[in-house]
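*Asks:* Below is the file coords.pdb, which contains PDB, C-alpha atoms.
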```
ATOM      1  CA  MET A   1     -46.116 139.599 -44.419
ATOM      2  CA  SER A   2     -46.836 135.866 -44.508
ATOM      3  CA  ARG A   3     -49.599 134.670 -42.186
ATOM      4  CA  TYR A   4     -47.117 132.062 -40.953
ATOM      5  CA  ALA A   5     -44.271 134.521 -40.267
ATOM      6  CA  ARG A   6     -44.452 134.212 -36.484
ATOM      7  CA  GLN A   7     -43.953 130.442 -36.596
ATOM      8  CA  MET A   8     -41.583 130.387 -39.573
ATOM      9  CA  ILE A   9     -39.154 132.581 -37.636
ATOM     10  CA  LEU A  10     -38.619 129.616 -35.332
ATOM     11  CA  PRO A  11     -35.531 127.609 -36.329
ATOM     12  CA  GLU A  12     -37.618 124.458 -35.786
ATOM     13  CA  VAL A  13     -39.987 125.548 -38.565
ATOM     14  CA  GLY A  14     -38.549 127.883 -41.191
ATOM     15  CA  ASP A  15     -39.364 127.597 -44.898
ATOM     16  CA  GLN A  16     -38.798 123.851 -45.030
ATOM     17  CA  GLY A  17     -40.938 123.163 -41.980
ATOM     18  CA  GLN A  18     -43.770 125.270 -43.316
ATOM     19  CA  LYS A  19     -43.643 123.331 -46.576
ATOM     20  CA  ARG A  20     -43.871 120.090 -44.613
ATOM     21  CA  LEU A  21     -46.997 121.363 -42.894
ATOM     22  CA  ALA A  22     -48.522 122.476 -46.193
ATOM     23  CA  ASP A  23     -47.904 119.049 -47.735
ATOM     24  CA  ALA A  24     -49.253 117.116 -44.741
ATOM     25  CA  ARG A  25     -52.415 115.012 -44.764
ATOM     26  CA  VAL A  26     -54.001 114.682 -41.329
ATOM     27  CA  LEU A  27     -57.018 112.577 -40.384
ATOM     28  CA  VAL A  28     -58.909 113.829 -37.324
ATOM     29  CA  VAL A  29     -61.449 111.356 -35.927
ATOM     30  CA  GLY A  30     -63.957 113.091 -33.668
ATOM     31  CA  CYS A  31     -64.965 116.763 -33.894
ATOM     32  CA  GLY A  32     -66.055 117.382 -30.307
ATOM     33  CA  GLY A  33     -64.287 118.759 -27.245
ATOM     34  CA  LEU A  34     -60.730 117.670 -28.029
ATOM     35  CA  ALA A  35     -61.067 118.837 -31.617
ATOM     36  CA  ALA A  36     -62.203 122.300 -30.484
ATOM     37  CA  PRO A  37     -58.599 123.430 -29.848
ATOM     38  CA  VAL A  38     -56.958 120.901 -32.175
ATOM     39  CA  LEU A  39     -58.631 121.955 -35.421
ATOM     40  CA  PRO A  40     -58.120 125.741 -35.229
ATOM     41  CA  LEU A  41     -54.482 125.224 -34.219
ATOM     42  CA  LEU A  42     -53.768 122.841 -37.098
ATOM     43  CA  ALA A  43     -55.679 124.953 -39.604
ATOM     44  CA  GLY A  44     -54.030 128.129 -38.343
ATOM     45  CA  ALA A  45     -50.593 126.541 -38.608
ATOM     46  CA  GLY A  46     -51.205 125.785 -42.286
ATOM     47  CA  VAL A  47     -51.594 121.989 -42.252
ATOM     48  CA  GLY A  48     -52.484 121.502 -45.916
ATOM     49  CA  ARG A  49     -55.127 118.773 -45.897
ATOM     50  CA  LEU A  50     -57.454 117.978 -43.031
ATOM     51  CA  THR A  51     -60.006 115.158 -43.138
ATOM     52  CA  LEU A  52     -62.588 115.348 -40.356
ATOM     53  CA  MET A  53     -64.604 112.259 -39.458
ATOM     54  CA  ASP A  54     -67.571 112.374 -37.081
ATOM     55  CA  GLY A  55     -71.108 110.990 -37.389
ATOM     56  CA  ASP A  56     -72.613 113.043 -34.549
ATOM     57  CA  THR A  57     -74.475 116.338 -34.490
ATOM     58  CA  VAL A  58     -73.918 119.447 -32.373
ATOM     59  CA  SER A  59     -75.744 119.289 -29.029
ATOM     60  CA  LEU A  60     -76.451 122.081 -26.556
ATOM     61  CA  SER A  61     -75.283 119.990 -23.579
ATOM     62  CA  ASN A  62     -71.803 119.694 -25.102
ATOM     63  CA  LEU A  63     -71.157 123.345 -25.890
ATOM     64  CA  HIS A  64     -69.383 124.000 -22.580
ATOM     65  CA  ARG A  65     -66.384 122.101 -23.949
ATOM     66  CA  GLN A  66     -67.059 121.896 -27.704
ATOM     67  CA  THR A  67     -66.257 125.575 -28.155
ATOM     68  CA  LEU A  68     -65.828 125.313 -31.925
ATOM     69  CA  PHE A  69     -69.639 125.440 -32.148
ATOM     70  CA  THR A  70     -72.372 127.927 -31.253
ATOM     71  CA  GLU A  71     -75.994 127.542 -30.211
ATOM     72  CA  ALA A  72     -77.018 128.204 -33.814
ATOM     73  CA  ASP A  73     -75.131 125.061 -34.865
ATOM     74  CA  CYS A  74     -77.206 122.675 -32.727
ATOM     75  CA  GLY A  75     -78.573 119.792 -34.772
ATOM     76  CA  GLN A  76     -75.997 120.266 -37.529
ATOM     77  CA  PRO A  77     -73.343 117.637 -38.350
ATOM     78  CA  LYS A  78     -70.235 118.299 -36.305
ATOM     79  CA  ALA A  79     -67.842 117.428 -39.112
ATOM     80  CA  VAL A  80     -69.524 119.837 -41.544
ATOM     81  CA  VAL A  81     -69.595 122.761 -39.110
ATOM     82  CA  ALA A  82     -66.023 122.092 -37.953
ATOM     83  CA  ALA A  83     -64.850 122.029 -41.567
ATOM     84  CA  GLN A  84     -66.544 125.373 -42.193
ATOM     85  CA  ARG A  85     -64.771 126.891 -39.186
ATOM     86  CA  CYS A  86     -61.396 125.609 -40.418
ATOM     87  CA  ARG A  87     -61.951 127.005 -43.925
ATOM     88  CA  ALA A  88     -63.031 130.353 -42.482
ATOM     89  CA  LEU A  89     -59.826 130.444 -40.452
ATOM     90  CA  ASN A  90     -57.554 129.519 -43.357
ATOM     91  CA  SER A  91     -58.787 129.568 -46.963
ATOM     92  CA  GLY A  92     -55.467 128.190 -48.156
ATOM     93  CA  ILE A  93     -55.990 124.665 -46.840
ATOM     94  CA  ASP A  94     -58.169 121.788 -48.015
ATOM     95  CA  VAL A  95     -60.720 120.449 -45.515
ATOM     96  CA  THR A  96     -62.940 117.403 -46.065
ATOM     97  CA  ALA A  97     -65.862 116.467 -43.812
ATOM     98  CA  ILE A  98     -67.005 112.840 -43.440
ATOM     99  CA  THR A  99     -70.351 112.677 -41.647
ATOM    100  CA  ARG A 100     -70.352 109.066 -40.531
ATOM    101  CA  PRO A 101     -68.934 107.444 -37.387
ATOM    102  CA  MET A 102     -65.555 105.813 -37.622
ATOM    103  CA  THR A 103     -65.620 101.993 -37.653
ATOM    104  CA  PRO A 104     -62.943  99.398 -38.396
ATOM    105  CA  ALA A 105     -64.777  98.842 -41.688
ATOM    106  CA  ASN A 106     -64.656 102.398 -43.043
ATOM    107  CA  ALA A 107     -61.477 103.941 -41.620
ATOM    108  CA  GLY A 108     -58.833 101.758 -43.277
ATOM    109  CA  ASP A 109     -58.557 103.758 -46.498
ATOM    110  CA  GLN A 110     -58.559 107.080 -44.644
ATOM    111  CA  VAL A 111     -55.775 105.961 -42.308
ATOM    112  CA  ALA A 112     -53.724 104.610 -45.211
ATOM    113  CA  GLN A 113     -53.899 107.976 -46.994
ATOM    114  CA  ALA A 114     -52.920 110.032 -43.931
ATOM    115  CA  ASP A 115     -49.481 111.136 -42.776
ATOM    116  CA  LEU A 116     -50.808 111.443 -39.242
ATOM    117  CA  VAL A 117     -53.982 110.415 -37.393
ATOM    118  CA  LEU A 118     -55.468 112.265 -34.428
ATOM    119  CA  ASP A 119     -57.846 110.356 -32.173
ATOM    120  CA  CYS A 120     -60.188 112.995 -30.729
ATOM    121  CA  ALA A 121     -63.176 110.660 -30.364
ATOM    122  CA  ASP A 122     -62.672 109.702 -26.703
ATOM    123  CA  SER A 123     -64.067 106.200 -27.340
ATOM    124  CA  TYR A 124     -62.466 102.891 -26.326
ATOM    125  CA  ALA A 125     -63.485 101.169 -29.546
ATOM    126  CA  VAL A 126     -62.345 104.019 -31.786
ATOM    127  CA  SER A 127     -59.020 104.477 -29.988
ATOM    128  CA  TYR A 128     -58.011 100.825 -30.158
ATOM    129  CA  SER A 129     -59.294 100.410 -33.711
ATOM    130  CA  LEU A 130     -57.285 103.423 -34.857
ATOM    131  CA  SER A 131     -54.230 102.123 -33.043
ATOM    132  CA  ASP A 132     -54.545  98.741 -34.776
ATOM    133  CA  LEU A 133     -54.954 100.387 -38.188
ATOM    134  CA  CYS A 134     -52.071 102.800 -37.599
ATOM    135  CA  ARG A 135     -49.794  99.981 -36.509
ATOM    136  CA  GLU A 136     -50.643  98.022 -39.651
ATOM    137  CA  THR A 137     -49.903 101.013 -41.909
ATOM    138  CA  ASP A 138     -46.967 102.416 -39.894
ATOM    139  CA  THR A 139     -48.893 105.683 -39.431
ATOM    140  CA  PRO A 140     -48.251 107.870 -36.359
ATOM    141  CA  LEU A 141     -51.196 108.303 -34.010
ATOM    142  CA  ILE A 142     -51.793 111.015 -31.414
ATOM    143  CA  SER A 143     -54.515 109.792 -29.064
ATOM    144  CA  ALA A 144     -56.086 111.651 -26.152
ATOM    145  CA  SER A 145     -58.751 111.063 -23.533
ATOM    146  CA  VAL A 146     -60.364 113.290 -20.907
ATOM    147  CA  LEU A 147     -62.704 112.531 -18.028
ATOM    148  CA  GLY A 148     -63.678 114.602 -15.024
ATOM    149  CA  LEU A 149     -60.724 116.794 -14.045
ATOM    150  CA  GLY A 150     -57.962 114.833 -15.758
ATOM    151  CA  GLY A 151     -56.787 113.299 -18.973
ATOM    152  CA  TYR A 152     -53.861 112.155 -21.071
ATOM    153  CA  VAL A 153     -52.390 112.499 -24.538
ATOM    154  CA  GLY A 154     -49.768 110.255 -26.121
ATOM    155  CA  GLY A 155     -47.943 109.498 -29.349
ATOM    156  CA  PHE A 156     -48.310 105.937 -30.650
ATOM    157  CA  CYS A 157     -47.400 103.649 -33.559
ATOM    158  CA  ALA A 158     -44.973 104.340 -36.423
ATOM    159  CA  LYS A 159     -41.690 104.516 -34.471
ATOM    160  CA  ALA A 160     -43.396 103.897 -31.129
ATOM    161  CA  PRO A 161     -45.392 101.119 -29.436
ATOM    162  CA  SER A 162     -49.133 101.007 -30.020
ATOM    163  CA  LEU A 163     -51.891 102.016 -27.629
ATOM    164  CA  ARG A 164     -52.327  98.333 -26.777
ATOM    165  CA  ALA A 165     -48.705  98.127 -25.621
ATOM    166  CA  LEU A 166     -49.299 100.845 -23.048
ATOM    167  CA  PHE A 167     -52.863  99.812 -22.138
ATOM    168  CA  PRO A 168     -53.095  96.063 -22.862
ATOM    169  CA  GLU A 169     -55.980  95.318 -20.498
ATOM    170  CA  ALA A 170     -59.599  96.462 -20.549
ATOM    171  CA  PRO A 171     -60.090  99.865 -18.881
ATOM    172  CA  ASP A 172     -61.137  99.772 -15.235
ATOM    173  CA  SER A 173     -64.051 102.156 -15.639
ATOM    174  CA  SER A 174     -66.894 102.451 -18.106
ATOM    175  CA  ALA A 175     -67.519 106.084 -17.136
ATOM    176  CA  SER A 176     -67.832 108.676 -19.869
ATOM    177  CA  CYS A 177     -68.208 112.445 -20.055
ATOM    178  CA  ALA A 178     -71.973 111.909 -20.238
ATOM    179  CA  THR A 179     -72.050 109.861 -17.023
ATOM    180  CA  ALA A 180     -69.140 111.248 -14.986
ATOM    181  CA  GLY A 181     -68.894 114.813 -16.254
ATOM    182  CA  VAL A 182     -65.975 116.903 -17.506
ATOM    183  CA  LEU A 183     -64.749 120.487 -17.252
ATOM    184  CA  GLY A 184     -64.116 122.369 -20.467
ATOM    185  CA  PRO A 185     -60.669 123.836 -19.619
ATOM    186  CA  VAL A 186     -59.263 120.356 -18.960
ATOM    187  CA  VAL A 187     -60.413 119.264 -22.424
ATOM    188  CA  GLY A 188     -58.940 122.440 -23.892
ATOM    189  CA  MET A 189     -55.523 121.895 -22.316
ATOM    190  CA  ILE A 190     -55.317 118.266 -23.419
ATOM    191  CA  GLY A 191     -56.501 119.194 -26.915
ATOM    192  CA  ALA A 192     -53.884 121.950 -27.195
ATOM    193  CA  MET A 193     -51.177 119.469 -26.182
ATOM    194  CA  GLN A 194     -52.537 117.051 -28.789
ATOM    195  CA  ALA A 195     -52.140 119.749 -31.451
ATOM    196  CA  GLN A 196     -48.605 120.494 -30.247
ATOM    197  CA  MET A 197     -47.673 116.828 -30.536
ATOM    198  CA  ALA A 198     -49.227 116.666 -34.001
ATOM    199  CA  LEU A 199     -47.195 119.626 -35.261
ATOM    200  CA  ALA A 200     -44.049 118.160 -33.683
ATOM    201  CA  VAL A 201     -44.560 114.897 -35.590
ATOM    202  CA  LEU A 202     -45.195 116.694 -38.878
ATOM    203  CA  LEU A 203     -42.144 118.930 -38.409
ATOM    204  CA  GLY A 204     -39.934 116.034 -37.310
ATOM    205  CA  LEU A 205     -38.973 117.713 -34.040
ATOM    206  CA  ASP A 206     -36.616 116.042 -31.572
ATOM    207  CA  PRO A 207     -37.415 114.518 -29.152
ATOM    208  CA  SER A 208     -40.323 112.941 -30.954
ATOM    209  CA  PRO A 209     -43.689 112.879 -29.179
ATOM    210  CA  LEU A 210     -44.086 109.327 -30.451
ATOM    211  CA  GLY A 211     -43.478 107.149 -27.417
ATOM    212  CA  GLN A 212     -44.335 109.999 -25.037
ATOM    213  CA  MET A 213     -47.260 110.072 -22.611
ATOM    214  CA  VAL A 214     -48.427 113.289 -20.927
ATOM    215  CA  ARG A 215     -50.964 113.263 -18.102
ATOM    216  CA  LEU A 216     -52.873 116.207 -16.645
ATOM    217  CA  ASP A 217     -54.276 116.403 -13.128
ATOM    218  CA  GLY A 218     -56.483 119.435 -13.550
ATOM    219  CA  GLN A 219     -57.618 119.466  -9.924
ATOM    220  CA  ASN A 220     -54.076 119.890  -8.593
ATOM    221  CA  TYR A 221     -52.703 121.759 -11.616
ATOM    222  CA  ARG A 222     -50.042 119.186 -12.377
ATOM    223  CA  PHE A 223     -48.639 117.798 -15.600
ATOM    224  CA  SER A 224     -46.561 114.620 -15.590
ATOM    225  CA  SER A 225     -45.005 112.680 -18.439
ATOM    226  CA  PHE A 226     -43.001 109.566 -19.216
ATOM    227  CA  ARG A 227     -41.649 107.701 -22.232
ATOM    228  CA  PHE A 228     -42.736 104.183 -23.142
ATOM    229  CA  ASP A 229     -40.486 103.430 -26.117
ATOM    230  CA  GLY A 230     -39.689  99.939 -24.883
ATOM    231  CA  ALA A 231     -43.234  98.838 -24.036
ATOM    232  CA  PRO A 232     -43.837  95.363 -25.550
ATOM    233  CA  GLU A 233     -46.855  94.648 -27.716
ATOM    234  CA  PRO A 234     -49.302  92.260 -26.006
ATOM    235  CA  GLU A 235     -49.258  88.659 -27.172
ATOM    236  CA  THR A 236     -53.054  88.525 -27.174
ATOM    237  CA  ALA A 237     -55.337  91.282 -28.383
ATOM    238  CA  PHE A 238     -59.050  91.374 -29.143
ATOM    239  CA  ALA A 239     -59.707  93.269 -32.342
ATOM    240  CA  PHE A 240     -62.736  95.488 -32.820
ATOM    241  CA  VAL A 241     -64.824  94.813 -35.934
ATOM    242  CA  ALA A 242     -67.842  96.561 -37.416
ATOM    243  CA  ALA A 243     -71.284  94.993 -37.096
ATOM    244  CA  GLN A 244     -71.556  94.813 -40.893
ATOM    245  CA  ASP A 245     -68.457  92.595 -40.982
ATOM    246  CA  LEU A 246     -70.156  89.850 -38.976
ATOM    247  CA  THR A 247     -71.409  86.795 -40.849
ATOM    248  CA  ASP A 248     -73.765  83.924 -40.142
ATOM    249  CA  ALA A 249     -70.690  81.727 -39.672
ATOM    250  CA  ASP A 250     -69.747  83.719 -36.572
ATOM    251  CA  HIS A 251     -71.003  82.836 -33.111
ATOM    252  CA  ILE A 252     -72.444  86.223 -32.160
ATOM    253  CA  VAL A 253     -73.321  87.069 -28.570
ATOM    254  CA  GLU A 254     -75.272  90.208 -27.675
ATOM    255  CA  LEU A 255     -74.337  91.120 -24.098
ATOM    256  CA  ARG A 256     -76.834  93.980 -23.842
ATOM    257  CA  GLN A 257     -80.175  92.981 -22.391
ATOM    258  CA  ASP A 258     -82.212  96.056 -23.317
ATOM    259  CA  ALA A 259     -81.205  96.982 -26.866
ATOM    260  CA  PRO A 260     -81.865  95.534 -30.320
ATOM    261  CA  PRO A 261     -79.147  93.009 -31.255
ATOM    262  CA  LEU A 262     -76.440  94.238 -33.613
ATOM    263  CA  HIS A 263     -76.908  91.210 -35.882
ATOM    264  CA  PRO A 264     -79.962  89.022 -36.660
ATOM    265  CA  ALA A 265     -78.028  85.883 -35.755
ATOM    266  CA  ALA A 266     -76.951  87.186 -32.341
ATOM    267  CA  ARG A 267     -77.800  85.255 -29.186
ATOM    268  CA  ARG A 268     -78.633  87.399 -26.166
ATOM    269  CA  MET A 269     -76.863  86.183 -23.032
ATOM    270  CA  SER A 270     -74.793  87.371 -20.077
ATOM    271  CA  ALA A 271     -71.023  87.036 -19.743
ATOM    272  CA  ASP A 272     -71.470  84.447 -16.971
ATOM    273  CA  ALA A 273     -73.800  82.361 -19.135
ATOM    274  CA  LEU A 274     -71.359  82.588 -22.037
ATOM    275  CA  ALA A 275     -68.575  81.051 -19.949
ATOM    276  CA  HIS A 276     -70.688  77.876 -19.652
ATOM    277  CA  ASP A 277     -71.952  77.815 -23.230
ATOM    278  CA  LEU A 278     -68.983  78.400 -25.514
ATOM    279  CA  PRO A 279     -68.975  77.486 -29.224
ATOM    280  CA  PRO A 280     -66.476  75.127 -30.904
ATOM    281  CA  SER A 281     -62.992  76.654 -30.843
ATOM    282  CA  ASP A 282     -62.793  76.769 -34.658
ATOM    283  CA  THR A 283     -65.658  79.294 -34.712
ATOM    284  CA  ARG A 284     -65.067  83.035 -34.458
ATOM    285  CA  LEU A 285     -66.763  84.420 -31.361
ATOM    286  CA  ALA A 286     -68.086  87.977 -31.676
ATOM    287  CA  LEU A 287     -69.039  89.753 -28.448
ATOM    288  CA  CYS A 288     -71.299  92.813 -28.769
ATOM    289  CA  CYS A 289     -72.090  95.614 -26.334
ATOM    290  CA  ALA A 290     -72.560  99.388 -26.287
ATOM    291  CA  THR A 291     -68.974 100.669 -25.954
ATOM    292  CA  GLY A 292     -66.941  97.490 -26.359
ATOM    293  CA  LEU A 293     -65.837  97.493 -22.730
ATOM    294  CA  ARG A 294     -68.284  94.853 -21.471
ATOM    295  CA  ALA A 295     -67.382  92.663 -24.446
ATOM    296  CA  TRP A 296     -63.661  93.100 -23.734
ATOM    297  CA  ARG A 297     -64.073  92.094 -20.106
ATOM    298  CA  ALA A 298     -66.090  89.037 -21.122
ATOM    299  CA  ALA A 299     -63.340  88.076 -23.564
ATOM    300  CA  GLU A 300     -60.726  88.353 -20.814
ATOM    301  CA  GLN A 301     -62.786  86.000 -18.635
ATOM    302  CA  ILE A 302     -62.693  83.170 -21.157
ATOM    303  CA  ARG A 303     -59.417  83.638 -23.028
ATOM    304  CA  ASN A 304     -57.494  81.259 -20.748
ATOM    305  CA  THR A 305     -59.993  78.417 -21.192
ATOM    306  CA  TRP A 306     -61.207  78.938 -24.771
ATOM    307  CA  PRO A 307     -58.523  79.113 -27.511
ATOM    308  CA  GLY A 308     -60.654  80.365 -30.404
ATOM    309  CA  GLU A 309     -60.657  83.784 -32.073
ATOM    310  CA  ILE A 310     -62.589  86.509 -30.246
ATOM    311  CA  VAL A 311     -63.585  89.845 -31.754
ATOM    312  CA  LEU A 312     -65.423  92.781 -30.189
ATOM    313  CA  VAL A 313     -68.254  94.910 -31.578
ATOM    314  CA  ALA A 314     -69.238  98.284 -30.099
ATOM    315  CA  ALA A 315     -72.693  99.604 -30.931
ATOM    316  CA  SER A 316     -71.556 103.182 -30.366
ATOM    317  CA  SER A 317     -69.120 102.964 -33.279
ATOM    318  CA  SER A 318     -71.054 100.728 -35.639
TER
END
```
How does the structure come out when it is put into structure tokens?
*Replies:*
Amino acid sequence: MSRYARQMILPEVGDQGQKRLADARVLVVGCGGLAAPVLPLLAGAGVGRLTLMDGDTVSLSNLHRQTLFTEADCGQPKAVVAAQRCRALNSGIDVTAITRPMTPANAGDQVAQADLVLDCADSYAVSYSLSDLCRETDTPLISASVLGLGGYVGGFCAKAPSLRALFPEAPDSSASCATAGVLGPVVGMIGAMQAQMALAVLLGLDPSPLGQMVRLDGQNYRFSSFRFDGAPEPETAFAFVAAQDLTDADHIVELRQDAPPLHPAARRMSADALAHDLPPSDTRLALCCATGLRAWRAAEQIRNTWPGEIVLVAASSS
């Protein structure tokens, strides 16, 4: 009996649907907590080609939610170990591991070659960069985020608005799993829903998850959802760029006070000081910080008084 018999019996799958899965090319960015349920479910379903992109290594402090790994994997590249697990689960699929962090400079070709992109990185800079790339290439994106006891997953781009349309402003909080904590089951539930949305896109199920947002309140055991098909794209958006794409012609501001600048030509200053010392408006202004959030907020402070181009650089994804 076929290993896929239990899903092929579904009228939504069948022979044709299984062939669509086998022919699919999926890019998964981030091999941590969200990927822990996503990757086995996609590999088990027979998604033909998986490309895994993550520059981090397995850490003991993350194993409570990154259940794809074991203690013996600590110190090993996440993408490599995750790829091994997928191949062990299904030898009939092709899995490629890319052991470098995703940046706007290196992800373009990978996105262009994919039929679907999954954002499992849980990073502001990565999420918005992937959304921008997917919108440019008309590639569907399933993006998810988890913090504390809650999270969300949504389908963006292609036939739906981008992530920027739904979240046009800088996030309110700079908290992360490392600073605010997270429970593993919440990550697992959001990741499983992310995999479900991915399979629905690849199978062409109706209604499409593109344009759908699902939220989980893990403390009160509640799911809620809404559609955002008509959300307008913002008129102004600050693109993320990689540090290696900066040039000496840019006016580069390093907003971090206690870290090496991301570029030799960077000037170290605060957001308040920047507002009183802006460059000529025909110069590209590049704002650098750790996650991109501080840079984004600084850009929002000056966008109504300074008409030049502003780009953001996140050290965590450069």
*Asks:* Hey, which of A:Ala105, A:Phe226, A:Ala35, A:Leu60 ends up closest to Cys120 in chain A? Count all atoms listed in the file.
*Replies:* A:Ala35
*Asks:* Skip Cys289 in chain A itself and residues of its chain fewer than 5 positions away, then list as a ChimeraX atom specification all residues within 7 Å of it, counting all atoms listed in the file.
*Replies:* /A:254-256,294-295,313-315
*Asks:* Rounded to one decimal place, report the CA of Val214 in chain A-CA of Gln196 in chain A distance in Å.
*Replies:*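 Interatomic distance here is 11.8 Å.
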*Asks:* May I ask which of the residues A:His276, A:Arg222, A:Arg49, A:Arg227 is the closest one to Pro207 in chain A, counting only C-alpha atoms?
*Replies:*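 Between A:His276, A:Arg222, A:Arg49, A:Arg227, the residue approaching Pro207 in chain A most closely is A:Arg227.
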*Asks:* With only C-alpha atoms as the counted atoms, please give the residues lying no more than 10 Å from Thr236 in chain A, apart from itself and same-chain residues fewer than 3 positions off, as JSON, numbers by chain.
*Replies:* {"A": [164, 168, 169, 233, 239, 300, 303]}
*Asks:* May I have the protein, DNA and RNA residues with an atom at most 9 Å from (-57.7, 117.7, -25.8), counting only C-alpha atoms in the file's coordinates, returned as number ranges by chain?
*Replies:* A: 33-38, 120, 144-146, 151-153, 186-195
*Asks:* Please determine, counting all atoms listed in the file, which residue among A:Arg267, A:Leu203, A:Gly230, A:Val80 has the shortest atom-to-atom distance to Leu10 in chain A.
*Replies:*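 Using all atoms listed in the file, the shortest distance to Leu10 in chain A belongs to A:Leu203.
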*Asks:* Show me, as a ChimeraX atom specification, the residues that have an atom within 9 Å of Cys86 in chain A when counting all atoms listed in the file, minus same-chain residues fewer than 5 positions from it.
*Replies:* /A:39-40,42-44,50,81,91,93,95
*Asks:* Between A:Leu89, A:Ala79, A:Leu312, A:Leu116, single out the one closest to Leu199 in chain A, counting all atoms listed in the file.
*Replies:*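 The answer is A:Leu116, which sits nearest to Leu199 in chain A.
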*Asks:* Decode the PyMOL selection byres ((chain A and resi 57) around 6) for the given file into explicit residues and return them as a PyMOL selection string.
*Replies:* chain A and resi 56+58+75-78
*Asks:* Using the file's own x, y and z axes, so that the box edges lie along x, y and z, what centre and edge lengths in Å (one decimal) does a box around every listed atom of range 64-83 of chain A get when 5 Å is added on each side? Give it as lines of an AutoDock Vina configuration file.
*Replies:*
```
center_x = -71.7
center_y = 122.8
center_z = -32.1
size_x = 23.7
size_y = 20.8
size_z = 29.0
```
*Asks:* Between CA of Val182 in chain A and CA of Ala125 in chain A, what distance in Å does the model show, to one decimal?
*Replies:*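 Separating CA of Val182 in chain A from CA of Ala125 in chain A is a distance of 20.0 Å.
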*Asks:* List, as a PDB file with C-alpha atoms, in the frame of the given file, every residue that the PyMOL selection byres ((chain A and resi 200) around 12) selects in the file provided.
*Replies:*
```pdb
ATOM      1  CA  GLU A  12     -37.618 124.458 -35.786  1.00  0.00           C
ATOM      2  CA  VAL A  13     -39.987 125.548 -38.565  1.00  0.00           C
ATOM      3  CA  GLY A  17     -40.938 123.163 -41.980  1.00  0.00           C
ATOM      4  CA  GLN A  18     -43.770 125.270 -43.316  1.00  0.00           C
ATOM      5  CA  ARG A  20     -43.871 120.090 -44.613  1.00  0.00           C
ATOM      6  CA  LEU A  21     -46.997 121.363 -42.894  1.00  0.00           C
ATOM      7  CA  LEU A  42     -53.768 122.841 -37.098  1.00  0.00           C
ATOM      8  CA  ALA A  45     -50.593 126.541 -38.608  1.00  0.00           C
ATOM      9  CA  LEU A 116     -50.808 111.443 -39.242  1.00  0.00           C
ATOM     10  CA  PRO A 140     -48.251 107.870 -36.359  1.00  0.00           C
ATOM     11  CA  ILE A 142     -51.793 111.015 -31.414  1.00  0.00           C
ATOM     12  CA  GLY A 155     -47.943 109.498 -29.349  1.00  0.00           C
ATOM     13  CA  MET A 193     -51.177 119.469 -26.182  1.00  0.00           C
ATOM     14  CA  GLN A 194     -52.537 117.051 -28.789  1.00  0.00           C
ATOM     15  CA  ALA A 195     -52.140 119.749 -31.451  1.00  0.00           C
ATOM     16  CA  GLN A 196     -48.605 120.494 -30.247  1.00  0.00           C
ATOM     17  CA  MET A 197     -47.673 116.828 -30.536  1.00  0.00           C
ATOM     18  CA  ALA A 198     -49.227 116.666 -34.001  1.00  0.00           C
ATOM     19  CA  LEU A 199     -47.195 119.626 -35.261  1.00  0.00           C
ATOM     20  CA  VAL A 201     -44.560 114.897 -35.590  1.00  0.00           C
ATOM     21  CA  LEU A 202     -45.195 116.694 -38.878  1.00  0.00           C
ATOM     22  CA  LEU A 203     -42.144 118.930 -38.409  1.00  0.00           C
ATOM     23  CA  GLY A 204     -39.934 116.034 -37.310  1.00  0.00           C
ATOM     24  CA  LEU A 205     -38.973 117.713 -34.040  1.00  0.00           C
ATOM     25  CA  ASP A 206     -36.616 116.042 -31.572  1.00  0.00           C
ATOM     26  CA  PRO A 207     -37.415 114.518 -29.152  1.00  0.00           C
ATOM     27  CA  SER A 208     -40.323 112.941 -30.954  1.00  0.00           C
ATOM     28  CA  PRO A 209     -43.689 112.879 -29.179  1.00  0.00           C
ATOM     29  CA  LEU A 210     -44.086 109.327 -30.451  1.00  0.00           C
ATOM     30  CA  GLN A 212     -44.335 109.999 -25.037  1.00  0.00           C
TER      31      GLN A 212
END
```
*Asks:* What's the 10 Å shell around Asp272 in chain A, counting only C-alpha atoms, without same-chain residues fewer than 5 positions away, as number ranges by chain?
*Replies:* A: 277, 298, 301-302
*Asks:* Could you save those same residues with C-alpha atoms as an mmCIF file, in the coordinates of the input?
*Replies:*
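The resulting file, again-v1.cif, is shown below:
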```
data_model
loop_
_atom_site.group_PDB
_atom_site.id
_atom_site.type_symbol
_atom_site.label_atom_id
_atom_site.label_comp_id
_atom_site.auth_asym_id
_atom_site.auth_seq_id
_atom_site.Cartn_x
_atom_site.Cartn_y
_atom_site.Cartn_z
ATOM 1 C CA ASP A 277 -71.952 77.815 -23.230
ATOM 2 C CA ALA A 298 -66.090 89.037 -21.122
ATOM 3 C CA GLN A 301 -62.786 86.000 -18.635
ATOM 4 C CA ILE A 302 -62.693 83.170 -21.157
#
```
*Asks:* For the atom pair CA of Ala97 in chain A and CA of Val29 in chain A, what is the interatomic distance in Å to one decimal place?
*Replies:*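 Calculated distance between CA of Ala97 in chain A and CA of Val29 in chain A is 10.4 Å.
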*Asks:* My list of candidates is A:Ala265, A:Ala114, A:Leu130, A:Ala121. Which is closest to Leu27 in chain A when distances are computed with all atoms listed in the file?
*Replies:*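 Closest to Leu27 in chain A of all the choices is A:Ala114.
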*Asks:* For the file shown, what are the residues hit by the PyMOL selection byres ((chain A and resi 129) around 9), laid out as a ChimeraX atom specification?
*Replies:* /A:103-104,107,124-128,130-134,239-241
